[in-house]
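Scroll down for the structure; my scribbles are underneath it.
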Amino acid sequence: MTDCNHDCSSCSSSCDERKENPGIEQAPMNQFSNVKKVIGVVSGKGGVGKSSVTSMLAVASRNAGKEVAVLDADITGPSIPMAFGLKDKAQGNEEMILPAITKSGIKAMSINLLLEDETDPVVWRGPIVGGVVQQFWTDVCWGDIDVMFVDMPPGTGDVALTVYQTLPVDGIVIVTSPQDLVGMIVEKAVKMAEMMNIPVVGIVENMSYFKCPDCGTEYKIFGESQIEDIAAKYGISVIAKLPINPELAKACDNGTIENFPCEELQDMAKLI
């Protein structure tokens, strides 16, 4: 590339020079950890329910009998502790950090488990945020884990690049909603995954419809979905279309996501 600054850490292009000099190596797994599979949960923009889908996937995988962990990489907007009702701070010593454990046995790490007050803002620049995410991988004693879900921040910025380059990501799940604008952003996430040679496991369309509790009629609140066209264009599966469900929002707010039925994601959880 003619405008290359030879710093691969600031670029996601897959060029010949990157192949010869990758710039960033994968971060070593904590010596007390054995994570068999890492799945990133991403969205092109905020507000589509990425963290709730991450939580439901973790619960569905746990219900399938797997040892599950959630790494909350959304440093400036962490919501995993609230969804699981985690209030106690993470513990540790000079050698390692111990993750919090939910009622059903899911291990979790989030910046909110380290802050003195969960409402304290994280006012850090990109490199520091990326460094913290990497430390959640290298310094946390995860133990034996069948699948780890990484709740990514929205967009295709620093943290996504850090995760793709330094963690052994086996695949990503893209979360979207039916609007055309979101569909365009989905393509950005798909293209970034292709550039980083990360396979897309599938797409979950959240807030796809509202089902009337009285008559059972389904209403497309945000319009007709276009996600099948995007999925077909890139050869990706649409895993599930999740309805607008006030009970899901209530479960996330009350920290009882583990009690919420996740039937639409059970099949996927078994395959991951």
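Naming scheme: A, B, ... for chains in displayed order of the structure tokens; residues 1 onward per chain; ligands 1 onward as shown.
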So which residues touch A:Asn93 within 12 Å, counting only C-alpha atoms, skipping near sequence neighbours fewer than 2 positions away, as a ChimeraX atom specification? /A:90-91,95-98,139-141
Give me the residues near A:Val132 as a PDB file with all heavy atoms, in the first residue's frame, where near means some atom within 12 Å (using only C-alpha atoms) and where sequence neighbours in that chain fewer than 2 positions away do not count.
```pdb
ATOM      1  N   LEU A  71     -16.430 -12.849  28.352  1.00  0.00           N
ATOM      2  CA  LEU A  71     -15.461 -11.770  28.483  1.00  0.00           C
ATOM      3  C   LEU A  71     -16.128 -10.506  27.955  1.00  0.00           C
ATOM      4  O   LEU A  71     -16.432 -10.412  26.764  1.00  0.00           O
ATOM      5  CB  LEU A  71     -14.186 -12.090  27.699  1.00  0.00           C
ATOM      6  CG  LEU A  71     -12.965 -11.186  27.911  1.00  0.00           C
ATOM      7  CD1 LEU A  71     -11.680 -11.908  27.478  1.00  0.00           C
ATOM      8  CD2 LEU A  71     -13.072  -9.863  27.162  1.00  0.00           C
ATOM      9  N   ASP A  72     -16.378  -9.562  28.842  1.00  0.00           N
ATOM     10  CA  ASP A  72     -17.057  -8.317  28.476  1.00  0.00           C
ATOM     11  C   ASP A  72     -16.026  -7.339  27.939  1.00  0.00           C
ATOM     12  O   ASP A  72     -15.343  -6.655  28.697  1.00  0.00           O
ATOM     13  CB  ASP A  72     -17.779  -7.746  29.694  1.00  0.00           C
ATOM     14  CG  ASP A  72     -18.705  -6.592  29.346  1.00  0.00           C
ATOM     15  OD1 ASP A  72     -18.688  -6.163  28.174  1.00  0.00           O
ATOM     16  OD2 ASP A  72     -19.444  -6.130  30.235  1.00  0.00           O
ATOM     17  N   ALA A  73     -15.918  -7.265  26.603  1.00  0.00           N
ATOM     18  CA  ALA A  73     -14.935  -6.382  25.978  1.00  0.00           C
ATOM     19  C   ALA A  73     -15.498  -5.001  25.700  1.00  0.00           C
ATOM     20  O   ALA A  73     -14.801  -4.143  25.159  1.00  0.00           O
ATOM     21  CB  ALA A  73     -14.430  -7.005  24.670  1.00  0.00           C
ATOM     22  N   ASP A  74     -16.744  -4.762  26.073  1.00  0.00           N
ATOM     23  CA  ASP A  74     -17.343  -3.438  25.916  1.00  0.00           C
ATOM     24  C   ASP A  74     -16.965  -2.612  27.149  1.00  0.00           C
ATOM     25  O   ASP A  74     -17.773  -2.425  28.065  1.00  0.00           O
ATOM     26  CB  ASP A  74     -18.856  -3.564  25.768  1.00  0.00           C
ATOM     27  CG  ASP A  74     -19.493  -2.286  25.230  1.00  0.00           C
ATOM     28  OD1 ASP A  74     -18.785  -1.270  25.164  1.00  0.00           O
ATOM     29  OD2 ASP A  74     -20.686  -2.317  24.891  1.00  0.00           O
ATOM     30  N   ILE A  75     -15.751  -2.129  27.164  1.00  0.00           N
ATOM     31  CA  ILE A  75     -15.179  -1.498  28.355  1.00  0.00           C
ATOM     32  C   ILE A  75     -15.913  -0.215  28.742  1.00  0.00           C
ATOM     33  O   ILE A  75     -16.135   0.052  29.923  1.00  0.00           O
ATOM     34  CB  ILE A  75     -13.676  -1.199  28.130  1.00  0.00           C
ATOM     35  CG1 ILE A  75     -12.915  -2.501  27.799  1.00  0.00           C
ATOM     36  CG2 ILE A  75     -13.081  -0.541  29.370  1.00  0.00           C
ATOM     37  CD1 ILE A  75     -12.966  -3.543  28.882  1.00  0.00           C
ATOM     38  N   THR A  76     -16.300   0.579  27.770  1.00  0.00           N
ATOM     39  CA  THR A  76     -16.945   1.849  28.096  1.00  0.00           C
ATOM     40  C   THR A  76     -18.454   1.726  28.276  1.00  0.00           C
ATOM     41  O   THR A  76     -19.102   2.669  28.740  1.00  0.00           O
ATOM     42  CB  THR A  76     -16.654   2.903  27.002  1.00  0.00           C
ATOM     43  OG1 THR A  76     -17.131   2.422  25.735  1.00  0.00           O
ATOM     44  CG2 THR A  76     -15.154   3.170  26.914  1.00  0.00           C
ATOM     45  N   MET A 109     -16.022 -11.813  33.289  1.00  0.00           N
ATOM     46  CA  MET A 109     -15.125 -10.718  33.658  1.00  0.00           C
ATOM     47  C   MET A 109     -15.538  -9.473  32.903  1.00  0.00           C
ATOM     48  O   MET A 109     -15.767  -9.507  31.688  1.00  0.00           O
ATOM     49  CB  MET A 109     -13.671 -11.072  33.336  1.00  0.00           C
ATOM     50  CG  MET A 109     -12.686  -9.948  33.628  1.00  0.00           C
ATOM     51  SD  MET A 109     -12.815  -9.252  35.303  1.00  0.00           S
ATOM     52  CE  MET A 109     -12.425 -10.690  36.297  1.00  0.00           C
ATOM     53  N   SER A 110     -15.651  -8.376  33.638  1.00  0.00           N
ATOM     54  CA  SER A 110     -16.062  -7.100  33.077  1.00  0.00           C
ATOM     55  C   SER A 110     -15.369  -5.996  33.860  1.00  0.00           C
ATOM     56  O   SER A 110     -15.041  -6.169  35.036  1.00  0.00           O
ATOM     57  CB  SER A 110     -17.586  -6.945  33.178  1.00  0.00           C
ATOM     58  OG  SER A 110     -17.997  -5.628  32.858  1.00  0.00           O
ATOM     59  N   ILE A 111     -15.176  -4.855  33.230  1.00  0.00           N
ATOM     60  CA  ILE A 111     -14.539  -3.739  33.917  1.00  0.00           C
ATOM     61  C   ILE A 111     -15.370  -3.297  35.112  1.00  0.00           C
ATOM     62  O   ILE A 111     -14.835  -2.804  36.113  1.00  0.00           O
ATOM     63  CB  ILE A 111     -14.308  -2.563  32.933  1.00  0.00           C
ATOM     64  CG1 ILE A 111     -13.378  -1.519  33.550  1.00  0.00           C
ATOM     65  CG2 ILE A 111     -15.624  -1.951  32.520  1.00  0.00           C
ATOM     66  CD1 ILE A 111     -11.970  -1.998  33.779  1.00  0.00           C
ATOM     67  N   LEU A 114     -14.414  -4.470  38.475  1.00  0.00           N
ATOM     68  CA  LEU A 114     -13.173  -3.946  39.028  1.00  0.00           C
ATOM     69  C   LEU A 114     -13.306  -2.504  39.516  1.00  0.00           C
ATOM     70  O   LEU A 114     -12.488  -2.046  40.316  1.00  0.00           O
ATOM     71  CB  LEU A 114     -12.053  -4.012  37.978  1.00  0.00           C
ATOM     72  CG  LEU A 114     -11.708  -5.410  37.444  1.00  0.00           C
ATOM     73  CD1 LEU A 114     -10.691  -5.295  36.317  1.00  0.00           C
ATOM     74  CD2 LEU A 114     -11.176  -6.299  38.564  1.00  0.00           C
ATOM     75  N   VAL A 122     -15.644   5.148  32.342  1.00  0.00           N
ATOM     76  CA  VAL A 122     -14.293   4.749  31.930  1.00  0.00           C
ATOM     77  C   VAL A 122     -13.861   5.717  30.838  1.00  0.00           C
ATOM     78  O   VAL A 122     -14.275   5.588  29.679  1.00  0.00           O
ATOM     79  CB  VAL A 122     -14.277   3.295  31.426  1.00  0.00           C
ATOM     80  CG1 VAL A 122     -12.892   2.933  30.920  1.00  0.00           C
ATOM     81  CG2 VAL A 122     -14.710   2.353  32.544  1.00  0.00           C
ATOM     82  N   TRP A 124     -11.047   6.475  28.966  1.00  0.00           N
ATOM     83  CA  TRP A 124      -9.734   6.036  28.502  1.00  0.00           C
ATOM     84  C   TRP A 124      -9.660   6.119  26.986  1.00  0.00           C
ATOM     85  O   TRP A 124     -10.668   5.980  26.296  1.00  0.00           O
ATOM     86  CB  TRP A 124      -9.472   4.579  28.921  1.00  0.00           C
ATOM     87  CG  TRP A 124      -9.406   4.350  30.388  1.00  0.00           C
ATOM     88  CD1 TRP A 124      -9.147   5.272  31.358  1.00  0.00           C
ATOM     89  CD2 TRP A 124      -9.602   3.101  31.064  1.00  0.00           C
ATOM     90  NE1 TRP A 124      -9.154   4.684  32.601  1.00  0.00           N
ATOM     91  CE2 TRP A 124      -9.433   3.351  32.455  1.00  0.00           C
ATOM     92  CE3 TRP A 124      -9.890   1.808  30.643  1.00  0.00           C
ATOM     93  CZ2 TRP A 124      -9.551   2.344  33.406  1.00  0.00           C
ATOM     94  CZ3 TRP A 124     -10.007   0.803  31.584  1.00  0.00           C
ATOM     95  CH2 TRP A 124      -9.832   1.068  32.950  1.00  0.00           C
ATOM     96  N   ARG A 125      -8.453   6.295  26.490  1.00  0.00           N
ATOM     97  CA  ARG A 125      -8.242   6.272  25.047  1.00  0.00           C
ATOM     98  C   ARG A 125      -8.151   4.828  24.547  1.00  0.00           C
ATOM     99  O   ARG A 125      -7.945   3.891  25.312  1.00  0.00           O
ATOM    100  CB  ARG A 125      -6.978   7.052  24.681  1.00  0.00           C
ATOM    101  CG  ARG A 125      -7.075   8.545  25.002  1.00  0.00           C
ATOM    102  CD  ARG A 125      -5.922   9.324  24.408  1.00  0.00           C
ATOM    103  NE  ARG A 125      -5.983  10.735  24.766  1.00  0.00           N
ATOM    104  CZ  ARG A 125      -6.707  11.648  24.134  1.00  0.00           C
ATOM    105  NH1 ARG A 125      -7.437  11.276  23.087  1.00  0.00           N
ATOM    106  NH2 ARG A 125      -6.708  12.910  24.517  1.00  0.00           N
ATOM    107  N   GLY A 126      -8.294   4.683  23.232  1.00  0.00           N
ATOM    108  CA  GLY A 126      -8.372   3.378  22.599  1.00  0.00           C
ATOM    109  C   GLY A 126      -7.282   2.389  22.982  1.00  0.00           C
ATOM    110  O   GLY A 126      -7.587   1.233  23.318  1.00  0.00           O
ATOM    111  N   PRO A 127      -6.004   2.758  22.945  1.00  0.00           N
ATOM    112  CA  PRO A 127      -4.947   1.793  23.275  1.00  0.00           C
ATOM    113  C   PRO A 127      -5.063   1.223  24.687  1.00  0.00           C
ATOM    114  O   PRO A 127      -4.778   0.052  24.913  1.00  0.00           O
ATOM    115  CB  PRO A 127      -3.665   2.608  23.107  1.00  0.00           C
ATOM    116  CG  PRO A 127      -4.021   3.668  22.125  1.00  0.00           C
ATOM    117  CD  PRO A 127      -5.440   4.031  22.437  1.00  0.00           C
ATOM    118  N   ILE A 128      -5.495   2.063  25.649  1.00  0.00           N
ATOM    119  CA  ILE A 128      -5.643   1.579  27.023  1.00  0.00           C
ATOM    120  C   ILE A 128      -6.804   0.605  27.107  1.00  0.00           C
ATOM    121  O   ILE A 128      -6.720  -0.447  27.748  1.00  0.00           O
ATOM    122  CB  ILE A 128      -5.844   2.761  28.001  1.00  0.00           C
ATOM    123  CG1 ILE A 128      -4.613   3.674  27.981  1.00  0.00           C
ATOM    124  CG2 ILE A 128      -6.106   2.244  29.404  1.00  0.00           C
ATOM    125  CD1 ILE A 128      -4.746   4.897  28.851  1.00  0.00           C
ATOM    126  N   VAL A 129      -7.908   0.949  26.435  1.00  0.00           N
ATOM    127  CA  VAL A 129      -9.064   0.055  26.427  1.00  0.00           C
ATOM    128  C   VAL A 129      -8.690  -1.290  25.821  1.00  0.00           C
ATOM    129  O   VAL A 129      -9.020  -2.356  26.361  1.00  0.00           O
ATOM    130  CB  VAL A 129     -10.228   0.699  25.646  1.00  0.00           C
ATOM    131  CG1 VAL A 129     -11.367  -0.293  25.473  1.00  0.00           C
ATOM    132  CG2 VAL A 129     -10.737   1.947  26.360  1.00  0.00           C
ATOM    133  N   GLY A 130      -7.973  -1.251  24.702  1.00  0.00           N
ATOM    134  CA  GLY A 130      -7.541  -2.489  24.075  1.00  0.00           C
ATOM    135  C   GLY A 130      -6.619  -3.296  24.974  1.00  0.00           C
ATOM    136  O   GLY A 130      -6.696  -4.525  25.017  1.00  0.00           O
ATOM    137  N   GLN A 134      -7.107  -7.191  26.432  1.00  0.00           N
ATOM    138  CA  GLN A 134      -6.065  -8.214  26.314  1.00  0.00           C
ATOM    139  C   GLN A 134      -5.721  -8.795  27.681  1.00  0.00           C
ATOM    140  O   GLN A 134      -5.502 -10.010  27.815  1.00  0.00           O
ATOM    141  CB  GLN A 134      -4.830  -7.611  25.662  1.00  0.00           C
ATOM    142  CG  GLN A 134      -3.733  -8.630  25.385  1.00  0.00           C
ATOM    143  CD  GLN A 134      -2.617  -8.048  24.543  1.00  0.00           C
ATOM    144  OE1 GLN A 134      -2.851  -7.263  23.635  1.00  0.00           O
ATOM    145  NE2 GLN A 134      -1.383  -8.430  24.858  1.00  0.00           N
ATOM    146  N   GLN A 135      -5.690  -7.951  28.713  1.00  0.00           N
ATOM    147  CA  GLN A 135      -5.398  -8.449  30.058  1.00  0.00           C
ATOM    148  C   GLN A 135      -6.501  -9.371  30.582  1.00  0.00           C
ATOM    149  O   GLN A 135      -6.230 -10.295  31.349  1.00  0.00           O
ATOM    150  CB  GLN A 135      -5.207  -7.272  31.014  1.00  0.00           C
ATOM    151  CG  GLN A 135      -3.846  -6.604  30.900  1.00  0.00           C
ATOM    152  CD  GLN A 135      -3.649  -5.552  31.976  1.00  0.00           C
ATOM    153  OE1 GLN A 135      -4.247  -4.473  31.932  1.00  0.00           O
ATOM    154  NE2 GLN A 135      -2.817  -5.862  32.939  1.00  0.00           N
ATOM    155  N   PHE A 136      -7.730  -9.127  30.178  1.00  0.00           N
ATOM    156  CA  PHE A 136      -8.811 -10.035  30.574  1.00  0.00           C
ATOM    157  C   PHE A 136      -8.552 -11.432  30.036  1.00  0.00           C
ATOM    158  O   PHE A 136      -9.011 -12.419  30.616  1.00  0.00           O
ATOM    159  CB  PHE A 136     -10.153  -9.517  30.049  1.00  0.00           C
ATOM    160  CG  PHE A 136     -10.721  -8.376  30.857  1.00  0.00           C
ATOM    161  CD1 PHE A 136     -11.867  -7.717  30.431  1.00  0.00           C
ATOM    162  CD2 PHE A 136     -10.136  -7.964  32.039  1.00  0.00           C
ATOM    163  CE1 PHE A 136     -12.408  -6.678  31.163  1.00  0.00           C
ATOM    164  CE2 PHE A 136     -10.659  -6.925  32.784  1.00  0.00           C
ATOM    165  CZ  PHE A 136     -11.805  -6.277  32.343  1.00  0.00           C
ATOM    166  N   TRP A 137      -7.825 -11.533  28.935  1.00  0.00           N
ATOM    167  CA  TRP A 137      -7.481 -12.831  28.362  1.00  0.00           C
ATOM    168  C   TRP A 137      -6.239 -13.417  29.036  1.00  0.00           C
ATOM    169  O   TRP A 137      -6.208 -14.591  29.394  1.00  0.00           O
ATOM    170  CB  TRP A 137      -7.251 -12.695  26.866  1.00  0.00           C
ATOM    171  CG  TRP A 137      -6.747 -13.923  26.189  1.00  0.00           C
ATOM    172  CD1 TRP A 137      -5.473 -14.169  25.766  1.00  0.00           C
ATOM    173  CD2 TRP A 137      -7.494 -15.101  25.862  1.00  0.00           C
ATOM    174  NE1 TRP A 137      -5.378 -15.413  25.190  1.00  0.00           N
ATOM    175  CE2 TRP A 137      -6.605 -16.001  25.239  1.00  0.00           C
ATOM    176  CE3 TRP A 137      -8.827 -15.474  26.040  1.00  0.00           C
ATOM    177  CZ2 TRP A 137      -7.014 -17.259  24.785  1.00  0.00           C
ATOM    178  CZ3 TRP A 137      -9.232 -16.720  25.593  1.00  0.00           C
ATOM    179  CH2 TRP A 137      -8.332 -17.607  24.975  1.00  0.00           C
ATOM    180  N   THR A 138      -5.223 -12.587  29.233  1.00  0.00           N
ATOM    181  CA  THR A 138      -3.946 -13.104  29.712  1.00  0.00           C
ATOM    182  C   THR A 138      -3.863 -13.234  31.227  1.00  0.00           C
ATOM    183  O   THR A 138      -3.151 -14.102  31.753  1.00  0.00           O
ATOM    184  CB  THR A 138      -2.786 -12.205  29.243  1.00  0.00           C
ATOM    185  OG1 THR A 138      -2.993 -10.869  29.749  1.00  0.00           O
ATOM    186  CG2 THR A 138      -2.716 -12.155  27.728  1.00  0.00           C
ATOM    187  N   ASP A 139      -4.574 -12.377  31.971  1.00  0.00           N
ATOM    188  CA  ASP A 139      -4.403 -12.312  33.423  1.00  0.00           C
ATOM    189  C   ASP A 139      -5.522 -12.958  34.222  1.00  0.00           C
ATOM    190  O   ASP A 139      -5.392 -13.136  35.438  1.00  0.00           O
ATOM    191  CB  ASP A 139      -4.266 -10.852  33.875  1.00  0.00           C
ATOM    192  CG  ASP A 139      -3.012 -10.182  33.328  1.00  0.00           C
ATOM    193  OD1 ASP A 139      -2.234 -10.865  32.641  1.00  0.00           O
ATOM    194  OD2 ASP A 139      -2.824  -8.977  33.562  1.00  0.00           O
ATOM    195  N   VAL A 140      -6.623 -13.290  33.574  1.00  0.00           N
ATOM    196  CA  VAL A 140      -7.752 -13.887  34.289  1.00  0.00           C
ATOM    197  C   VAL A 140      -7.636 -15.407  34.275  1.00  0.00           C
ATOM    198  O   VAL A 140      -7.366 -16.013  33.235  1.00  0.00           O
ATOM    199  CB  VAL A 140      -9.100 -13.457  33.665  1.00  0.00           C
ATOM    200  CG1 VAL A 140     -10.265 -14.199  34.324  1.00  0.00           C
ATOM    201  CG2 VAL A 140      -9.292 -11.960  33.810  1.00  0.00           C
ATOM    202  N   ASP A 158     -11.008   0.101  17.517  1.00  0.00           N
ATOM    203  CA  ASP A 158      -9.808  -0.392  18.181  1.00  0.00           C
ATOM    204  C   ASP A 158     -10.003  -1.732  18.883  1.00  0.00           C
ATOM    205  O   ASP A 158      -9.181  -2.641  18.743  1.00  0.00           O
ATOM    206  CB  ASP A 158      -9.327   0.636  19.226  1.00  0.00           C
ATOM    207  CG  ASP A 158      -8.665   1.839  18.573  1.00  0.00           C
ATOM    208  OD1 ASP A 158      -8.374   1.763  17.377  1.00  0.00           O
ATOM    209  OD2 ASP A 158      -8.449   2.846  19.276  1.00  0.00           O
ATOM    210  N   VAL A 159     -11.079  -1.843  19.658  1.00  0.00           N
ATOM    211  CA  VAL A 159     -11.258  -3.050  20.461  1.00  0.00           C
ATOM    212  C   VAL A 159     -11.509  -4.261  19.565  1.00  0.00           C
ATOM    213  O   VAL A 159     -10.954  -5.344  19.801  1.00  0.00           O
ATOM    214  CB  VAL A 159     -12.403  -2.878  21.474  1.00  0.00           C
ATOM    215  CG1 VAL A 159     -12.681  -4.195  22.194  1.00  0.00           C
ATOM    216  CG2 VAL A 159     -12.043  -1.802  22.492  1.00  0.00           C
ATOM    217  N   THR A 162      -8.239  -5.272  18.213  1.00  0.00           N
ATOM    218  CA  THR A 162      -7.430  -5.916  19.251  1.00  0.00           C
ATOM    219  C   THR A 162      -7.867  -7.352  19.481  1.00  0.00           C
ATOM    220  O   THR A 162      -7.036  -8.266  19.552  1.00  0.00           O
ATOM    221  CB  THR A 162      -7.531  -5.128  20.576  1.00  0.00           C
ATOM    222  OG1 THR A 162      -6.963  -3.831  20.406  1.00  0.00           O
ATOM    223  CG2 THR A 162      -6.797  -5.853  21.695  1.00  0.00           C
ATOM    224  N   VAL A 163      -9.168  -7.568  19.587  1.00  0.00           N
ATOM    225  CA  VAL A 163      -9.687  -8.922  19.826  1.00  0.00           C
ATOM    226  C   VAL A 163      -9.348  -9.838  18.664  1.00  0.00           C
ATOM    227  O   VAL A 163      -8.867 -10.963  18.852  1.00  0.00           O
ATOM    228  CB  VAL A 163     -11.206  -8.884  20.063  1.00  0.00           C
ATOM    229  CG1 VAL A 163     -11.777 -10.304  20.091  1.00  0.00           C
ATOM    230  CG2 VAL A 163     -11.528  -8.179  21.368  1.00  0.00           C
TER     231      VAL A 163
END
```
Using the chain letters and numbers from this document, which residues of stretch 149-236 of chain A does DSSP assign to strand (DSSP E or B), as a CSV table (one decimal) with all heavy atoms, in the first residue's frame?
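Okay, this is what ended up in result_0.csv:
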```
chain,number,residue,atom,x,y,z
A,149,PHE,N,-17.7,-16.5,25.2
A,149,PHE,CA,-18.3,-15.5,24.4
A,149,PHE,C,-17.7,-14.1,24.7
A,149,PHE,O,-17.6,-13.8,25.9
A,149,PHE,CB,-19.8,-15.5,24.6
A,149,PHE,CG,-20.5,-16.7,24.1
A,149,PHE,CD1,-20.8,-17.7,25.0
A,149,PHE,CD2,-20.8,-16.9,22.8
A,149,PHE,CE1,-21.5,-18.9,24.6
A,149,PHE,CE2,-21.4,-18.0,22.3
A,149,PHE,CZ,-21.8,-19.0,23.2
A,150,VAL,N,-17.2,-13.4,23.7
A,150,VAL,CA,-16.7,-12.1,23.9
A,150,VAL,C,-17.7,-11.1,23.5
A,150,VAL,O,-18.0,-11.0,22.3
A,150,VAL,CB,-15.4,-11.9,23.1
A,150,VAL,CG1,-14.8,-10.5,23.4
A,150,VAL,CG2,-14.3,-13.0,23.5
A,151,ASP,N,-18.2,-10.3,24.4
A,151,ASP,CA,-19.2,-9.3,24.1
A,151,ASP,C,-18.4,-8.0,23.7
A,151,ASP,O,-17.8,-7.3,24.5
A,151,ASP,CB,-20.0,-9.0,25.4
A,151,ASP,CG,-21.1,-8.0,25.1
A,151,ASP,OD1,-21.5,-7.8,24.0
A,151,ASP,OD2,-21.6,-7.4,26.1
A,171,GLY,N,-14.7,-17.7,15.6
A,171,GLY,CA,-15.8,-17.2,14.8
A,171,GLY,C,-16.6,-16.1,15.5
A,171,GLY,O,-16.4,-15.8,16.7
A,172,ILE,N,-17.4,-15.4,14.7
A,172,ILE,CA,-18.2,-14.3,15.3
A,172,ILE,C,-19.7,-14.5,15.0
A,172,ILE,O,-20.1,-15.1,14.0
A,172,ILE,CB,-17.8,-12.9,14.8
A,172,ILE,CG1,-18.0,-12.8,13.3
A,172,ILE,CG2,-16.4,-12.7,15.2
A,172,ILE,CD1,-17.9,-11.4,12.8
A,173,VAL,N,-20.5,-14.0,15.9
A,173,VAL,CA,-22.0,-13.9,15.7
A,173,VAL,C,-22.3,-12.5,15.5
A,173,VAL,O,-21.9,-11.7,16.4
A,173,VAL,CB,-22.8,-14.5,16.9
A,173,VAL,CG1,-24.3,-14.3,16.7
A,173,VAL,CG2,-22.5,-16.0,17.0
A,174,ILE,N,-23.0,-12.1,14.4
A,174,ILE,CA,-23.4,-10.7,14.2
A,174,ILE,C,-24.8,-10.5,14.6
A,174,ILE,O,-25.7,-11.2,14.2
A,174,ILE,CB,-23.2,-10.4,12.7
A,174,ILE,CG1,-21.7,-10.5,12.3
A,174,ILE,CG2,-23.6,-8.9,12.5
A,174,ILE,CD1,-21.5,-10.3,10.8
A,175,VAL,N,-25.0,-9.5,15.5
A,175,VAL,CA,-26.4,-9.1,15.9
A,175,VAL,C,-26.8,-7.9,15.2
A,175,VAL,O,-26.1,-6.9,15.1
A,175,VAL,CB,-26.4,-8.9,17.5
A,175,VAL,CG1,-27.8,-8.6,17.9
A,175,VAL,CG2,-25.8,-10.1,18.2
A,176,THR,N,-28.1,-7.9,14.7
A,176,THR,CA,-28.6,-6.8,14.0
A,176,THR,C,-30.1,-6.6,14.3
A,176,THR,O,-30.6,-7.4,15.1
A,176,THR,CB,-28.4,-7.0,12.5
A,176,THR,OG1,-28.9,-5.9,11.8
A,176,THR,CG2,-29.1,-8.3,12.0
A,200,VAL,N,-17.7,-16.1,10.0
A,200,VAL,CA,-19.0,-15.6,10.6
A,200,VAL,C,-19.8,-16.9,10.8
A,200,VAL,O,-20.2,-17.6,9.9
A,200,VAL,CB,-19.7,-14.7,9.7
A,200,VAL,CG1,-21.0,-14.2,10.3
A,200,VAL,CG2,-18.8,-13.4,9.4
A,201,VAL,N,-20.1,-17.1,12.1
A,201,VAL,CA,-21.0,-18.3,12.5
A,201,VAL,C,-22.4,-18.1,12.0
A,201,VAL,O,-23.0,-19.0,11.5
A,201,VAL,CB,-21.0,-18.5,14.0
A,201,VAL,CG1,-21.9,-19.6,14.4
A,201,VAL,CG2,-19.6,-18.7,14.5
A,202,GLY,N,-22.9,-16.9,12.1
A,202,GLY,CA,-24.2,-16.6,11.6
A,202,GLY,C,-24.7,-15.2,12.1
A,202,GLY,O,-24.0,-14.5,12.8
A,203,ILE,N,-25.9,-14.9,11.7
A,203,ILE,CA,-26.5,-13.6,12.1
A,203,ILE,C,-27.7,-13.8,12.9
A,203,ILE,O,-28.6,-14.7,12.7
A,203,ILE,CB,-26.9,-12.8,10.8
A,203,ILE,CG1,-25.7,-12.5,9.9
A,203,ILE,CG2,-27.6,-11.5,11.2
A,203,ILE,CD1,-26.1,-11.9,8.6
A,204,VAL,N,-27.9,-13.0,14.0
A,204,VAL,CA,-29.1,-13.0,14.8
A,204,VAL,C,-29.8,-11.7,14.6
A,204,VAL,O,-29.2,-10.7,14.9
A,204,VAL,CB,-28.7,-13.3,16.3
A,204,VAL,CG1,-30.0,-13.1,17.2
A,204,VAL,CG2,-28.1,-14.6,16.5
A,205,GLU,N,-31.0,-11.7,14.1
A,205,GLU,CA,-31.8,-10.5,14.0
A,205,GLU,C,-32.6,-10.3,15.2
A,205,GLU,O,-33.5,-11.1,15.5
A,205,GLU,CB,-32.6,-10.6,12.8
A,205,GLU,CG,-33.4,-9.2,12.5
A,205,GLU,CD,-34.2,-9.2,11.2
A,205,GLU,OE1,-35.3,-9.8,11.2
A,205,GLU,OE2,-33.7,-8.7,10.2
A,210,PHE,N,-43.0,-8.1,16.8
A,210,PHE,CA,-43.7,-8.1,18.1
A,210,PHE,C,-44.9,-9.0,18.0
A,210,PHE,O,-45.7,-8.8,17.0
A,210,PHE,CB,-44.1,-6.7,18.5
A,210,PHE,CG,-45.0,-6.7,19.8
A,210,PHE,CD1,-44.4,-7.0,21.0
A,210,PHE,CD2,-46.4,-6.5,19.7
A,210,PHE,CE1,-45.3,-7.0,22.2
A,210,PHE,CE2,-47.2,-6.5,20.8
A,210,PHE,CZ,-46.6,-6.8,22.0
A,211,LYS,N,-45.0,-10.0,18.8
A,211,LYS,CA,-46.1,-10.9,18.8
A,211,LYS,C,-47.2,-10.5,19.8
A,211,LYS,O,-46.9,-10.4,21.0
A,211,LYS,CB,-45.7,-12.3,19.1
A,211,LYS,CG,-46.7,-13.4,18.9
A,211,LYS,CD,-46.1,-14.8,19.0
A,211,LYS,CE,-47.2,-15.8,18.7
A,211,LYS,NZ,-46.6,-17.2,18.8
A,218,GLU,N,-48.3,-11.2,14.5
A,218,GLU,CA,-46.9,-10.7,14.5
A,218,GLU,C,-46.9,-9.4,13.8
A,218,GLU,O,-47.3,-9.3,12.6
A,218,GLU,CB,-45.9,-11.7,13.9
A,218,GLU,CG,-45.8,-13.0,14.7
A,218,GLU,CD,-44.7,-13.9,14.1
A,218,GLU,OE1,-44.2,-13.6,13.1
A,218,GLU,OE2,-44.5,-15.0,14.7
A,219,TYR,N,-46.3,-8.4,14.4
A,219,TYR,CA,-46.2,-7.0,13.8
A,219,TYR,C,-44.7,-6.7,13.6
A,219,TYR,O,-43.9,-6.8,14.5
A,219,TYR,CB,-46.9,-6.0,14.7
A,219,TYR,CG,-48.4,-6.2,14.9
A,219,TYR,CD1,-48.9,-6.9,16.0
A,219,TYR,CD2,-49.3,-5.6,14.0
A,219,TYR,CE1,-50.2,-7.1,16.1
A,219,TYR,CE2,-50.6,-5.8,14.1
A,219,TYR,CZ,-51.1,-6.5,15.2
A,219,TYR,OH,-52.5,-6.7,15.3
```
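In terms of minimum interatomic distance to A:Lys191, A:Gly44 ranks closest within A:Gly44, A:Cys252, A:Asn63, A:Pro246, counting only C-alpha atoms.
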If you run DSSP on the backbone, which residues of stretch 35-238 of chain A are alpha helix (DSSP H), as an NGL selection string? :A and (50-63 or 80-84 or 126-138 or 158-166 or 180-195 or 227-234)
